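Quick notes on the structure that follows.
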Amino acid sequence: MGTLLSIASGKGGVGKSVIASNLALQFSRQGQKVVLVDLDIGGANLHILFGNLSPSPTLSDFLERHTDSLDAVVHTISWAKGLGYIPGTGNTLGGGNLLHSKKLRLLRHLKNLDADIVILDCAPGTNYHTLDFFLAADVQITVATPDPTSVIEVYRFIKLAAIRKLMTHLSVRLHGEVRHSLVNQEFSNIQEVLDACSPTHEVQKTEALAILGTFDPYFILNRANARHKFSTSSLQQVLLKFLGTELVVLGEIPHDDVVTHSIRNYLPVIDWAPDSPASIALTQTFYALQQRLLMPNPDRPSPAEAIQHTTNS
């Protein structure tokens, strides 16, 4: 069983798949067997980055049980030893409406892929499928650009992912009216979830805070530029204050026109132009991630102390 990394964003168009493909290539260059999985069910495009415009087989073949093996739909890349990818599905009207049973089966098989590193390129947005794939990974990475809408959406994404993580845990542990309230109520912040646990379930509240304490997503700022200043430290402070979540910044990738050229030539930019500013920053980001993977989880502040005024978030 390999290490699962998920990469997600609050909105589309932030360069998530480009980052995923470059990180995957770096892992393979380190001697790792890597599989990239396009989980943008209904809007897949990762295969295009590798010049495969009409891939077959795809994730659809696995989901529709045309094959029982997820490894059977992995496409190898001739010029990148150890790197493969699973094309997503987007050719059917039902592709974006994944049944719960199919999602569970897919999650099981993702964890058993024949690879050292499995990178899940999640769909943009905050639907349950995206949140569940994101949270299923051992390491979660979020991506945003300095654009205000992108920053707001990545904050919203992380907030809802934290709520989803708590909901999944508590709905299994609680019973009766409390469980019914959790399952059928829409929550907008962490404190609402905790308050939904009655005073007689303080143990579950404590467990919930412990679960929240394990949620430390990583963050990559893409297309950074001098004209649109963005402070990653401000985002870190907001998330720590309102969610008790410590956001680890892996790197900032500068806006670089050479990335567009690399996409048009169907190659990751670290291969197309290794000395470009974007490639250098992506390589530094990879090493920051690699170092984190080798580190034990550091001690962190108590989420109970960090969460303040969540109803205003």
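Residue names in the structure tokens use chain letters A, B, ... in the order shown, residue numbers from 1 in each chain, and ligand numbers from 1 in the order shown.
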
Which residues come within 8 Å of Tyr218 (chain A), counting only C-alpha atoms, excluding same-chain residues fewer than 4 positions away, as an MDAnalysis selection string?
-> chainID A and resid 139:142 247:250

Near region 162-169 of chain A, within 8 Å and counting only C-alpha atoms, which residues show up once chain neighbours fewer than 6 positions away are dropped, as a PyMOL selection string?
-> chain A and resi 131-132+135+182-183+187+189-190+193+208+211-212+215+243

Using DSSP on the backbone coordinates, identify all residues within region 246-296 of chain A classified as helix (DSSP H, G or I); present the result as a ChimeraX atom specification.
-> /A:257-264,269-272,277-294

Export of prior selection with N, CA and C atoms as a PDB file, in the first residue's frame:
ATOM      1  N   ASP A 257       5.064  32.426 -18.056  1.00  0.00           N
ATOM      2  CA  ASP A 257       4.458  32.095 -19.352  1.00  0.00           C
ATOM      3  C   ASP A 257       4.970  30.773 -19.918  1.00  0.00           C
ATOM      4  N   VAL A 258       6.133  30.326 -19.450  1.00  0.00           N
ATOM      5  CA  VAL A 258       6.686  29.084 -19.984  1.00  0.00           C
ATOM      6  C   VAL A 258       5.807  27.891 -19.610  1.00  0.00           C
ATOM      7  N   VAL A 259       5.026  28.021 -18.551  1.00  0.00           N
ATOM      8  CA  VAL A 259       4.115  26.932 -18.166  1.00  0.00           C
ATOM      9  C   VAL A 259       3.097  26.686 -19.278  1.00  0.00           C
ATOM     10  N   THR A 260       2.571  27.769 -19.849  1.00  0.00           N
ATOM     11  CA  THR A 260       1.617  27.641 -20.951  1.00  0.00           C
ATOM     12  C   THR A 260       2.254  26.920 -22.128  1.00  0.00           C
ATOM     13  N   HIS A 261       3.500  27.255 -22.426  1.00  0.00           N
ATOM     14  CA  HIS A 261       4.203  26.590 -23.534  1.00  0.00           C
ATOM     15  C   HIS A 261       4.404  25.108 -23.253  1.00  0.00           C
ATOM     16  N   SER A 262       4.694  24.769 -22.003  1.00  0.00           N
ATOM     17  CA  SER A 262       4.898  23.357 -21.665  1.00  0.00           C
ATOM     18  C   SER A 262       3.599  22.567 -21.818  1.00  0.00           C
ATOM     19  N   ILE A 263       2.472  23.188 -21.442  1.00  0.00           N
ATOM     20  CA  ILE A 263       1.169  22.525 -21.591  1.00  0.00           C
ATOM     21  C   ILE A 263       0.880  22.264 -23.064  1.00  0.00           C
ATOM     22  N   ARG A 264       1.174  23.251 -23.903  1.00  0.00           N
ATOM     23  CA  ARG A 264       0.926  23.099 -25.344  1.00  0.00           C
ATOM     24  C   ARG A 264       1.827  22.052 -25.981  1.00  0.00           C
ATOM     25  N   VAL A 269       6.370  21.219 -16.917  1.00  0.00           N
ATOM     26  CA  VAL A 269       7.291  22.337 -17.123  1.00  0.00           C
ATOM     27  C   VAL A 269       8.677  22.025 -16.570  1.00  0.00           C
ATOM     28  N   ILE A 270       8.796  21.182 -15.537  1.00  0.00           N
ATOM     29  CA  ILE A 270      10.118  20.865 -15.007  1.00  0.00           C
ATOM     30  C   ILE A 270      10.929  20.052 -16.005  1.00  0.00           C
ATOM     31  N   ASP A 271      10.257  19.439 -16.988  1.00  0.00           N
ATOM     32  CA  ASP A 271      10.939  18.715 -18.051  1.00  0.00           C
ATOM     33  C   ASP A 271      11.138  19.623 -19.266  1.00  0.00           C
ATOM     34  N   TRP A 272      10.131  20.454 -19.557  1.00  0.00           N
ATOM     35  CA  TRP A 272      10.179  21.336 -20.725  1.00  0.00           C
ATOM     36  C   TRP A 272      11.192  22.464 -20.539  1.00  0.00           C
ATOM     37  N   PRO A 277      11.721  29.999 -13.845  1.00  0.00           N
ATOM     38  CA  PRO A 277      11.315  30.319 -12.468  1.00  0.00           C
ATOM     39  C   PRO A 277      10.248  29.368 -11.913  1.00  0.00           C
ATOM     40  N   ALA A 278       9.267  28.999 -12.744  1.00  0.00           N
ATOM     41  CA  ALA A 278       8.210  28.088 -12.288  1.00  0.00           C
ATOM     42  C   ALA A 278       8.785  26.715 -11.949  1.00  0.00           C
ATOM     43  N   SER A 279       9.695  26.221 -12.786  1.00  0.00           N
ATOM     44  CA  SER A 279      10.286  24.906 -12.550  1.00  0.00           C
ATOM     45  C   SER A 279      11.124  24.885 -11.272  1.00  0.00           C
ATOM     46  N   ILE A 280      11.891  25.945 -11.064  1.00  0.00           N
ATOM     47  CA  ILE A 280      12.715  26.027  -9.862  1.00  0.00           C
ATOM     48  C   ILE A 280      11.832  26.037  -8.620  1.00  0.00           C
ATOM     49  N   ALA A 281      10.747  26.823  -8.664  1.00  0.00           N
ATOM     50  CA  ALA A 281       9.832  26.899  -7.517  1.00  0.00           C
ATOM     51  C   ALA A 281       9.116  25.574  -7.296  1.00  0.00           C
ATOM     52  N   LEU A 282       8.724  24.891  -8.370  1.00  0.00           N
ATOM     53  CA  LEU A 282       8.067  23.588  -8.245  1.00  0.00           C
ATOM     54  C   LEU A 282       9.015  22.551  -7.643  1.00  0.00           C
ATOM     55  N   THR A 283      10.273  22.612  -8.039  1.00  0.00           N
ATOM     56  CA  THR A 283      11.264  21.687  -7.482  1.00  0.00           C
ATOM     57  C   THR A 283      11.466  21.946  -5.990  1.00  0.00           C
ATOM     58  N   GLN A 284      11.541  23.216  -5.614  1.00  0.00           N
ATOM     59  CA  GLN A 284      11.670  23.563  -4.190  1.00  0.00           C
ATOM     60  C   GLN A 284      10.442  23.113  -3.401  1.00  0.00           C
ATOM     61  N   THR A 285       9.280  23.265  -4.009  1.00  0.00           N
ATOM     62  CA  THR A 285       8.042  22.824  -3.363  1.00  0.00           C
ATOM     63  C   THR A 285       8.035  21.318  -3.177  1.00  0.00           C
ATOM     64  N   PHE A 286       8.515  20.603  -4.182  1.00  0.00           N
ATOM     65  CA  PHE A 286       8.596  19.145  -4.067  1.00  0.00           C
ATOM     66  C   PHE A 286       9.486  18.734  -2.899  1.00  0.00           C
ATOM     67  N   TYR A 287      10.645  19.358  -2.770  1.00  0.00           N
ATOM     68  CA  TYR A 287      11.557  18.983  -1.689  1.00  0.00           C
ATOM     69  C   TYR A 287      10.969  19.347  -0.322  1.00  0.00           C
ATOM     70  N   ALA A 288      10.219  20.442  -0.255  1.00  0.00           N
ATOM     71  CA  ALA A 288       9.534  20.791   0.996  1.00  0.00           C
ATOM     72  C   ALA A 288       8.508  19.721   1.353  1.00  0.00           C
ATOM     73  N   LEU A 289       7.782  19.231   0.346  1.00  0.00           N
ATOM     74  CA  LEU A 289       6.809  18.164   0.563  1.00  0.00           C
ATOM     75  C   LEU A 289       7.505  16.873   0.959  1.00  0.00           C
ATOM     76  N   GLN A 290       8.555  16.539   0.265  1.00  0.00           N
ATOM     77  CA  GLN A 290       9.291  15.313   0.564  1.00  0.00           C
ATOM     78  C   GLN A 290       9.826  15.330   1.996  1.00  0.00           C
ATOM     79  N   GLN A 291      10.331  16.480   2.426  1.00  0.00           N
ATOM     80  CA  GLN A 291      10.832  16.600   3.788  1.00  0.00           C
ATOM     81  C   GLN A 291       9.714  16.404   4.800  1.00  0.00           C
ATOM     82  N   ARG A 292       8.534  16.961   4.497  1.00  0.00           N
ATOM     83  CA  ARG A 292       7.381  16.802   5.393  1.00  0.00           C
ATOM     84  C   ARG A 292       6.951  15.346   5.496  1.00  0.00           C
ATOM     85  N   LEU A 293       7.038  14.617   4.403  1.00  0.00           N
ATOM     86  CA  LEU A 293       6.638  13.213   4.412  1.00  0.00           C
ATOM     87  C   LEU A 293       7.546  12.374   5.314  1.00  0.00           C
ATOM     88  N   LEU A 294       8.775  12.841   5.491  1.00  0.00           N
ATOM     89  CA  LEU A 294       9.729  12.109   6.311  1.00  0.00           C
ATOM     90  C   LEU A 294       9.693  12.528   7.771  1.00  0.00           C
TER      91      LEU A 294
END

Just the residues within 10 Å of His47 (chain A), please, counting only C-alpha atoms, with nothing from its chain fewer than 2 positions along; format it as an MDAnalysis selection string.
-> chainID A and resid 17 21 36:38 44:45 49:55 58 75 85:88 266

Nearest to Ala196 (chain A): which of A:Glu64, A:Asp256, A:Leu170, A:Ala144 is it, counting only C-alpha atoms?
-> A:Leu170

Selection near region 146-152 of chain A, 10 Å with only C-alpha atoms, sequence-local residues under 2 positions removed, as a PDB file with N, CA and C atoms, in the first residue's frame:
ATOM      1  N   SER A   9      -8.765  22.109  -4.817  1.00  0.00           N
ATOM      2  CA  SER A   9      -8.898  23.566  -4.812  1.00  0.00           C
ATOM      3  C   SER A   9     -10.363  23.924  -4.652  1.00  0.00           C
ATOM      4  N   GLY A  10     -10.612  25.133  -4.189  1.00  0.00           N
ATOM      5  CA  GLY A  10     -11.987  25.566  -4.015  1.00  0.00           C
ATOM      6  C   GLY A  10     -12.674  25.888  -5.321  1.00  0.00           C
ATOM      7  N   LYS A  11     -11.902  26.218  -6.348  1.00  0.00           N
ATOM      8  CA  LYS A  11     -12.456  26.548  -7.664  1.00  0.00           C
ATOM      9  C   LYS A  11     -11.530  26.030  -8.747  1.00  0.00           C
ATOM     10  N   GLY A  12     -12.052  25.941  -9.944  1.00  0.00           N
ATOM     11  CA  GLY A  12     -11.253  25.463 -11.059  1.00  0.00           C
ATOM     12  C   GLY A  12     -10.350  26.540 -11.628  1.00  0.00           C
ATOM     13  N   GLY A  13      -9.432  26.136 -12.488  1.00  0.00           N
ATOM     14  CA  GLY A  13      -8.588  27.083 -13.191  1.00  0.00           C
ATOM     15  C   GLY A  13      -7.414  27.626 -12.407  1.00  0.00           C
ATOM     16  N   VAL A  14      -7.024  26.961 -11.313  1.00  0.00           N
ATOM     17  CA  VAL A  14      -5.916  27.475 -10.504  1.00  0.00           C
ATOM     18  C   VAL A  14      -4.600  26.742 -10.783  1.00  0.00           C
ATOM     19  N   VAL A 143      -4.634  24.143  -3.296  1.00  0.00           N
ATOM     20  CA  VAL A 143      -3.999  25.065  -4.245  1.00  0.00           C
ATOM     21  C   VAL A 143      -4.911  26.261  -4.475  1.00  0.00           C
ATOM     22  N   ALA A 144      -4.326  27.445  -4.547  1.00  0.00           N
ATOM     23  CA  ALA A 144      -5.077  28.655  -4.877  1.00  0.00           C
ATOM     24  C   ALA A 144      -4.147  29.612  -5.602  1.00  0.00           C
ATOM     25  N   VAL A 154     -10.676  28.713  -1.385  1.00  0.00           N
ATOM     26  CA  VAL A 154      -9.823  27.707  -0.744  1.00  0.00           C
ATOM     27  C   VAL A 154     -10.047  27.713   0.770  1.00  0.00           C
ATOM     28  N   TYR A 155     -10.317  28.891   1.336  1.00  0.00           N
ATOM     29  CA  TYR A 155     -10.679  28.938   2.762  1.00  0.00           C
ATOM     30  C   TYR A 155     -11.983  28.176   2.993  1.00  0.00           C
ATOM     31  N   ARG A 156     -12.952  28.418   2.136  1.00  0.00           N
ATOM     32  CA  ARG A 156     -14.239  27.727   2.250  1.00  0.00           C
ATOM     33  C   ARG A 156     -14.057  26.221   2.092  1.00  0.00           C
ATOM     34  N   PHE A 157     -13.207  25.823   1.157  1.00  0.00           N
ATOM     35  CA  PHE A 157     -12.968  24.400   0.936  1.00  0.00           C
ATOM     36  C   PHE A 157     -12.381  23.746   2.182  1.00  0.00           C
ATOM     37  N   LEU A 221       0.618  28.171  -3.209  1.00  0.00           N
ATOM     38  CA  LEU A 221       0.132  29.361  -3.913  1.00  0.00           C
ATOM     39  C   LEU A 221       0.679  29.318  -5.324  1.00  0.00           C
ATOM     40  N   ASN A 222      -0.200  29.303  -6.299  1.00  0.00           N
ATOM     41  CA  ASN A 222       0.210  29.217  -7.695  1.00  0.00           C
ATOM     42  C   ASN A 222       0.032  30.561  -8.391  1.00  0.00           C
ATOM     43  N   ARG A 223       0.850  30.793  -9.405  1.00  0.00           N
ATOM     44  CA  ARG A 223       0.804  32.017 -10.228  1.00  0.00           C
ATOM     45  C   ARG A 223       0.974  33.283  -9.384  1.00  0.00           C
ATOM     46  N   ALA A 224       1.858  33.214  -8.428  1.00  0.00           N
ATOM     47  CA  ALA A 224       2.152  34.392  -7.613  1.00  0.00           C
ATOM     48  C   ALA A 224       2.806  35.460  -8.477  1.00  0.00           C
ATOM     49  N   ASN A 225       2.432  36.706  -8.231  1.00  0.00           N
ATOM     50  CA  ASN A 225       3.032  37.801  -8.995  1.00  0.00           C
ATOM     51  C   ASN A 225       3.076  39.065  -8.146  1.00  0.00           C
ATOM     52  N   ARG A 227       2.116  42.079  -8.845  1.00  0.00           N
ATOM     53  CA  ARG A 227       0.982  43.008  -8.952  1.00  0.00           C
ATOM     54  C   ARG A 227      -0.149  42.648  -8.002  1.00  0.00           C
ATOM     55  N   HIS A 228      -0.301  41.364  -7.715  1.00  0.00           N
ATOM     56  CA  HIS A 228      -1.379  40.930  -6.835  1.00  0.00           C
ATOM     57  C   HIS A 228      -0.770  40.322  -5.572  1.00  0.00           C
ATOM     58  N   LYS A 229      -0.540  41.175  -4.610  1.00  0.00           N
ATOM     59  CA  LYS A 229       0.073  40.739  -3.361  1.00  0.00           C
ATOM     60  C   LYS A 229      -0.894  39.862  -2.572  1.00  0.00           C
ATOM     61  N   PHE A 230      -0.365  38.781  -2.027  1.00  0.00           N
ATOM     62  CA  PHE A 230      -1.185  37.911  -1.184  1.00  0.00           C
ATOM     63  C   PHE A 230      -0.313  37.369  -0.065  1.00  0.00           C
ATOM     64  N   SER A 231      -0.779  37.497   1.163  1.00  0.00           N
ATOM     65  CA  SER A 231      -0.036  37.035   2.318  1.00  0.00           C
ATOM     66  C   SER A 231      -0.545  35.657   2.743  1.00  0.00           C
ATOM     67  N   THR A 232       0.285  34.653   2.533  1.00  0.00           N
ATOM     68  CA  THR A 232      -0.103  33.311   2.969  1.00  0.00           C
ATOM     69  C   THR A 232      -0.213  33.249   4.489  1.00  0.00           C
ATOM     70  N   LEU A 235      -3.779  33.930   5.642  1.00  0.00           N
ATOM     71  CA  LEU A 235      -4.650  32.762   5.507  1.00  0.00           C
ATOM     72  C   LEU A 235      -4.371  31.769   6.625  1.00  0.00           C
TER      73      LEU A 235
END

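Coordinates place CA of Ile41 (chain A) at a distance of 21.5 Å from CA of Leu83 (chain A).
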
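For the pair CA of Thr214 (chain A) and CA of Arg108 (chain A), the interatomic distance is 21.6 Å.
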
Residue nearest Arg105 (chain A) - candidates A:Glu192, A:Asp216, A:Asp68, A:Glu153, atoms counted: only C-alpha atoms = A:Asp68

Test item: residues at most 12 Å from Ser28 (chain A), only C-alpha atoms, excluding those fewer than 6 positions along its chain, as a PyMOL selection string | chain A and resi 21-22+34-36+76-77+79-84+115-119+286

Pairwise distance for CA of Ala20 (chain A) and CA of Thr130 (chain A), rounded to one decimal in Å | 15.8 Å

Hey, what does DSSP flag as strand (DSSP E) within region 61-289 of chain A? Can you give it to me as number ranges by chain?
-> A: 75-76, 83-86, 117-122, 139-144, 218-224, 248-254
